[in-house]
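Peer 1: Below you'll find the structure I mean.
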Number of protein chains: 6
Amino acid sequence: LDTHQGKLRVLWINPVGTGEFDDQIKNVLMSVKRHDVEVEVTHLPHGPPNLDYKSYEPLILVETLQIIRRAEKEGFDAVVIGCFDDPGLQEARELVNIPVVGPMEACLHIASTLGHKYSIIVNRREGQARLEDHIYTYGLEKKLASFRSINFMVSEMKSKLGELREAIVRESVNAVEEDRAEVVVLGCTVESGLMEELIDRLKVPVLDAVVVPFKYAEMLADMYRKVGLSHSKVYGYKSPPEGEILI
Amino acid sequence: LDTHQGKLRVLWINPVGTGEFDDQIKNVLMSVKRHDVEVEVTHLPHGPPNLDYKSYEPLILVETLQIIRRAEKEGFDAVVIGCFDDPGLQEARELVNIPVVGPMEACLHIASTLGHKYSIIVNRREGQARLEDHIYTYGLEKKLASFRSINFMVSEMKSKLGELREAIVRESVNAVEEDRAEVVVLGCTVESGLMEELIDRLKVPVLDAVVVPFKYAEMLADMYRKVGLSHSKVYGYKSPPEGEILI
Amino acid sequence: LDTHQGKLRVLWINPVGTGEFDDQIKNVLMSVKRHDVEVEVTHLPHGPPNLDYKSYEPLILVETLQIIRRAEKEGFDAVVIGCFDDPGLQEARELVNIPVVGPMEACLHIASTLGHKYSIIVNRREGQARLEDHIYTYGLEKKLASFRSINFMVSEMKSKLGELREAIVRESVNAVEEDRAEVVVLGCTVESGLMEELIDRLKVPVLDAVVVPFKYAEMLADMYRKVGLSHSKVYGYKSPPEGEILI
Amino acid sequence: LDTHQGKLRVLWINPVGTGEFDDQIKNVLMSVKRHDVEVEVTHLPHGPPNLDYKSYEPLILVETLQIIRRAEKEGFDAVVIGCFDDPGLQEARELVNIPVVGPMEACLHIASTLGHKYSIIVNRREGQARLEDHIYTYGLEKKLASFRSINFMVSEMKSKLGELREAIVRESVNAVEEDRAEVVVLGCTVESGLMEELIDRLKVPVLDAVVVPFKYAEMLADMYRKVGLSHSKVYGYKSPPEGEILI
Amino acid sequence: LDTHQGKLRVLWINPVGTGEFDDQIKNVLMSVKRHDVEVEVTHLPHGPPNLDYKSYEPLILVETLQIIRRAEKEGFDAVVIGCFDDPGLQEARELVNIPVVGPMEACLHIASTLGHKYSIIVNRREGQARLEDHIYTYGLEKKLASFRSINFMVSEMKSKLGELREAIVRESVNAVEEDRAEVVVLGCTVESGLMEELIDRLKVPVLDAVVVPFKYAEMLADMYRKVGLSHSKVYGYKSPPEGEILI
Amino acid sequence: LDTHQGKLRVLWINPVGTGEFDDQIKNVLMSVKRHDVEVEVTHLPHGPPNLDYKSYEPLILVETLQIIRRAEKEGFDAVVIGCFDDPGLQEARELVNIPVVGPMEACLHIASTLGHKYSIIVNRREGQARLEDHIYTYGLEKKLASFRSINFMVSEMKSKLGELREAIVRESVNAVEEDRAEVVVLGCTVESGLMEELIDRLKVPVLDAVVVPFKYAEMLADMYRKVGLSHSKVYGYKSPPEGEILI
């Protein structure tokens with residue numbers, strides 16, 4: 001058996017019951033992926049069309065975890081749960097050995113190495129509390145400059161791309177000038193695709209919630225193959241005995 | 001309409017797919033409840049027999065939330081999600097207006113008013129990381145003295161009550177003497193029923209994960225009826241528009 | 001011996017040398033108390049008419065502690081020290097076994113279970129530092145959204161009730177909209193009596209510094225009677241040997 | 001007017017109702033004071049013989065504050081409240097303009113500039129919670145390595161000087177070797193007089209709770225005279241209007 | 001202009017005045033690098049043979065920064081400063097636009113995504129304070145389980161490889177079992193080369209201070225080329241005007 | 001041997017390659033020094049004219065440390081590194097036994113004993129990140145109200161003294177009124193000389209970055225002579241064996 005052969009395989013899951021974002025994400029990933037990486041994008045068989053509310057998350061968790069379990073069996077080297085709220089991230093790590101990446105976690109850690117303070121541009125003010133809870137859990141509150149909201153529904157984003165772009169630029173500038181952020185994190189995977197343009201316009205690092213976690217997953221997949229590094233399986237992420245796994 | 005009439009009704013949900021804990025819990029609640037409170041204990045139609053693993057939580061969330069939604073419609077004044085991990089607590093508050101109580105959150109806040117440091121007695125060391133994440137989210141890490149583990153599976157607890165009792169006493173004493181805890185929190189609803197005895201033996205406050213959140217729920221139910229106080233509905237717990245609720 | 005018989009008795013102490021607030025407080029308490037609770041309101045034989053300055057506190061501590069000691073001997077089940085600065089709270093717990101409640105401590109812990117961030121409406125900006133010190137001691141800084149001041153002297157409050165009400169509403173709205181508070185805590189017992197109205201107008205939880213700590217005291221009194229739960233008597237609140245108590 | 005003339009005058013108050021520590025303290029102060037400083041040591045007309053319990057503090061506050069008010073009028077340039085618990089420190093600053101020094105606050109800040117972590121040697125474990133609360137208020141918890149207790153009553157200290165010395169050495173060594181402290185703070189003014197010997201034996205900085213705050217008071221007195229620097233009188237320490245001072 | 005062509009070039013600098021570690025590091029890097037990455041390893045023309053003391057750092061900073069400036073001009077896509085103390089990391093980012101990676105910063109952020117708590121295995125206890133200061137600056141203290149020391153001088157490491165290996169295993173096991181670490185970080189670049197073996201023996205993630213920062217640098221180099229992402233140039237890392245750069 | 005004889009000698013080092021600030025500093029120090037203290041002011045033989053950028057620091061460290069080593073040999077009792085960024089402070093303490101004072105560290109600790117919150121007036125916003133990192137290392141973030149920038153280049157300060165004074169007053173007032181600072185710290189040694197005037201105008205404590213650390217150095221020098229107190233030489237500041245000191 002030669003597990004070190006062949007391309008690294010990374011799976012991106014859009015944890016919603018619609019395929020409407022798959023192509024856009026796939027295009028972004030294809031434009032930034034390594035030559036030695038194969039990328040697949042998928043979504044759930046059922047479930048809500050977005051995760052605008054915290055109470056939508058329970059509706060996508062079981063299927064998301066099933067896909068991740070299956071991905072490991074099919075030989076994927078890493079998985080990304082493609083929503084900035086990182087739904088199911090902890091649960092997934094309990095179930096599999098391959099690296100599982102959450103966009104928020106990956107973005108905030110990388111942002112913390114690129115500047116002294118980061119701001120997060122969120123769709124709606126209502127979503128902030130949920131993200132703030134994650135920041136406490138991830139232990140990254142000290143580097144947070146601010147949250148800034150663009151007040152956009154996910155459903156509006158596609159049809160109002162110009163306005164979306166301007167809102168992101170406006171709030172990013174506010175984050176830098178008023179909140180003293182040195183780094184901007186785009187807090188929604190649907191805001192993806194503007195990273196290069198925004199870095200160029202804003203002259204600060206702008207972290208796209210698709211590009212950055214995907215590149216992080218590539219790196220982890222690579223280390224997993226080469227030296228066996230992945231998340232810990234003692235204590236917090238310890239798997240149930242095989243017979244007691246219920247997903 | 002006289003909403004101030006009648007007994008306060010509190011629902012205790014055992015968020016597992018078995019009724020085997022219902023009677024024990026009901027007995028404990030009956031022995032401590034207020035005269036003007038009516039208590040009901042229920043469990044889920046499906047789901048795992050316990051929540052020993054984080055990956056079991058997704059399997060109980062949807063039904064738990066459905067029961068809570070229904071409870072509000074049926075006129076309950078407060079609900080307790082009867083597992084120390086507080087599964088679905090945030091999501092439930094997004095969906096209903098009546099107070100929703102999580103045992104861990106209630107116990108830790110009350111413990112913080114009864115002493116300078118509290119320790120949590122957990123079943124197994126593996127469960128600690130999950131609880132620690134909650135502590136960060138609840139903002140109560142400063143008052144934590146330690147976690148202490150009794151190394152007991154939930155399935156063993158009922159049949160080995162004597163050993164369970166001794167293990168709790170032993171670790172509570174260690175928490176007080178070595179970790180300098182002033183308050184002990186029993187981190188599992190199945191450890192319930194020993195509170196009075198333990199307080200008497202240990203001479204420190206011991207918080208039972210059934211009694212304490214239930215009494216807290218009674219108090220919140222009472223204030224909800226009398227002055228309309230419940231959790232906030234702005235920002236973090238804002239409900240979806242009625243038509244967009246998916247549970 | 002039947003210690004479980006009879007009504008629960010809760011004593012509210014206005015820790016000032018005037019009885020002018022007693023009736024107002026009594027009325028508020030009577031309107032929210034449990035049927036099985038008996039409430040008494042008292043004040044100090046001497047002392048300043050208010051606690052507007054930190055240097056007034058030493059003038060009320062000894063008598064407040066004496067009253068609390070006597071209350072325990074007279075069979076009260078819980079005591080509330082009726083000033084938002086929680087004067088003498090730690091000292092009282094060193095002296096007695098019955099639950100002693102401080103309005104600030106009780107309000108902030110309950111507020112923390114009702115929303116992600118709370119704001120405190122204070123009378124005057126000068127009082128904030130004192131409260132902030134308490135927040136550090138209670139370990140609740142992570143959930144603080146802001147302090148907001150209404151700039152009212154206690155002596156003016158009674159005669160300018162309409163203006164007081166508007167100032168509270170204005171600063172509460174500011175706390176929610178500008179500081180992103182989800183919960184509002186009224187940081188003065190004299191601001192009491194508006195809770196229901198304010199919750200109704202503001203659509204956020206508003207915590208009255210009389211109602212909330214009193215209901216918390218009822219709950220603790222109840223648990224103290226039923227299962228013996230009160231504050232810890234090891235380490236920080238350990239009493240002096242009986243012969244060495246000097247109050 | 002020549003306020004810059006004459007010796008700096010520093011008052012050390014033993015905030016207890018006994019003069020039995022005055023000579024020892026005076027001797028220590030005389031041996032370390034500046035040539036241009038005049039030192040006076042005093043105690044209270046009434047009050048308990050020690051401050052072993054938190055509930056003793058209310059009994060000394062009023063007289064302590066009166067002495068400090070009088071000291072300012074008599075031309076003292078600084079005052080030290082001679083107990084490691086810093087009783088009345090905040091209240092005193094509200095009342096006077098001259099620098100008021102608390103041994104704990106001064107020691108911990110200076111300790112923080114002499115090493116990465118400090119430990120505090122306390123008389124009894126029961127006193128730790130009170131000091132920990134101060135540390136939170138002073139904002140110095142990050143540099144705390146540990147508390148270590150020598151288990152000595154103040155009343156025993158004088159008669160068992162040899163054993164006291166050994167207990168301090170033993171716990172200081174433990175603090176350095178087990179808790180990785182770089183600096184040791186002696187958490188009781190009665191432990192005073194051993195500083196030079198202990199530094200020599202232990203080869204780590206040992207902060208005497210009499211010497212260090214006194215030298216700090218000298219420095220503040222000097223700056224107060226020369227450039228008018230003292231504690232702030234806006235917000236937290238703002239004095240009541242002169243006519244409303246009640247001490 | 002085709003900046004997307006050609007291999008990514010990453011420079012590893014051993015910031016000491018000796019080339020004795022270059023070959024070992026080069027071998028490690030060659031075994032884990034991507035196919036599309038070219039790696040170069042270099043050291044300083046002058047300077048101390050190791051960085052065992054903080055006072056050695058000033059002796060290597062200027063030359064290290066000169067090499068980094070030159071590397072950017074020569075077209076390198078990223079640089080790693082090859083010492084776990086991250087000397088000159090902040091200064092380097094002020095001077096260049098290409099990503100600059102510090103082993104400690106990269107390891108701790110990645111470790112934080114692989115488990116709830118990490119421990120750092122350091123050479124000697126004396127080095128811990130310096131690293132702890134970095135942890136405060138990086139904002140990662142919440143996830144630190146412990147430091148564990150193997151008590152090895154850098155000069156001894158090469159000749160006692162067997163004992164080194166056993167010491168690392170022993171302290172890693174202690175970190176996991178006693179300090180409850182889920183992830184182990186090897187806090188010295190000279191401890192490199194054992195990662196795969198250690199992960200296999202210990203069954204927890206072990207982060208090699210050469211492999212992990214290098215893979216992180218590859219990822220950043222890749223994103224820098226593809227979308228222009230690098231550290232921020234506003235505020236903290238803003239370069240002096242070109243004419244005022246003094247390195 | 002009489003080490004207690006003679007005046008205390010304190011050396012102030014302007015860690016830049018120009019003597020242009022020496023006279024101004026000397027004058028300030030002469031006006032505030034103790035009678036029993038002898039002060040010397042010096043600067044570096046080479047190096048940049050200011051430390052406006054972080055990348056200038058490596059250019060002054062070696063010479064600064066050499067001067068401090070020499071000062072100890074020449075019998076100085078304490079040294080101040082005369083730049084608010086405290087360059088080389090940790091390294092210097094590793095090399096010598098005499099107290100070494102950094103203006104920022106000394107000012108912030110003293111400020112923390114004079115009020116509940118302090119603000120720092122910095123020259124330029126770009127310098128803030130560096131200082132913030134120091135605050136994390138010193139452990140004083142809890143008491144920070146804000147940074148305020150006057151937007152002045154060091155080179156402009158001398159020629160625009162009136163404007164400088166007004167800018168400092170303006171930002172100090174903003175710090176007090178908008179950020180609720182109780183204490184103002186002037187975050188640049190070149191802003192020195194205005195302390196008395198500013199305290200008088202602003203009615204809040206204003207800490208001059210020359211006067212305050214110098215008085216702190218006097219105090220430490222005094223205690224070092226009298227009782228041997230200086231920074232710790234275990235762990236973090238442990239010196240290399242004499243033969244291995246490379247400065």
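The way I read the labels, and the way they are meant: chains A, B, ... in the order of the structure tokens, residue 1 as the first residue of every chain, and ligand 1 as the first ligand shown, with later ones counted on from there.
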List the neighbours of range 98-113 of chain D out to 6 Å using only C-alpha atoms; skip same-chain residues closer than 2 positions along the sequence, and give me the result as a list in words.
Peer 2: Asp77, Ala78, Val79, Val80, Ile81, Phe84, Asp86, Val96, Gly115, Ala209, Pro213 and Ser230 of chain D; His109 of chain F
Peer 1: Please provide the set of residues having any atom within 7 Å of range 161-171 of chain B, restricted to only C-alpha atoms, with same-chain residues fewer than 3 positions apart removed, written as a list in words.
Peer 2: Arg148, Ile150, Met157, Lys158, Asn174 and Ala175 of chain B
Peer 1: Tell me, as a list in words, which residues lie within 9 Å of Arg125 in chain D, counting only C-alpha atoms; anything in the same chain fewer than 5 positions away does not count.
Peer 2: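 Result of the neighbour search: Tyr235 and Gly236 of chain C; Phe147, Arg148, Ser149, Ile150 and Asn151 of chain D.
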Peer 1: Step one, run DSSP on the backbone; step two, keep only residues of range 27-122 of chain F assigned to strand (DSSP E); then write them as a list in words.
Peer 2: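 Put together, the selection reads Val37, Glu38, Val39, Glu40, Val41, Thr42, His43, Ala78, Val79, Val80, Ile81, Val100, Val101, Tyr118, Ser119, Ile120, Ile121 and Val122 of chain F.
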Peer 1: What does the structure give for the distance between CA of Pro240 in chain B and CA of Gly19 in chain A, in Å to one decimal?
Peer 2: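 Rounded to one decimal, the two atoms are 22.8 Å apart.
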Peer 1: Can you pull out every residue within 8 Å of Asn14 in chain E, counting only C-alpha atoms, but drop anything in the same chain fewer than 5 positions away, and send it as a PyMOL selection string?
Peer 2: chain E and resi 19+21-22+41-44+81-83
Peer 1: What are the residues of chain C that have an atom within 12 Å of an atom of chain F, counting only C-alpha atoms, as a PyMOL selection string?
Peer 2: chain C and resi 125-133+136+141-142+147
Peer 1: In Å, rounded to a single decimal, give me how far CA of Val227 in chain F is from CA of Glu197 in chain D.
Peer 2: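 Interatomic distance, CA of Glu197 in chain D to CA of Val227 in chain F: 8.5 Å.
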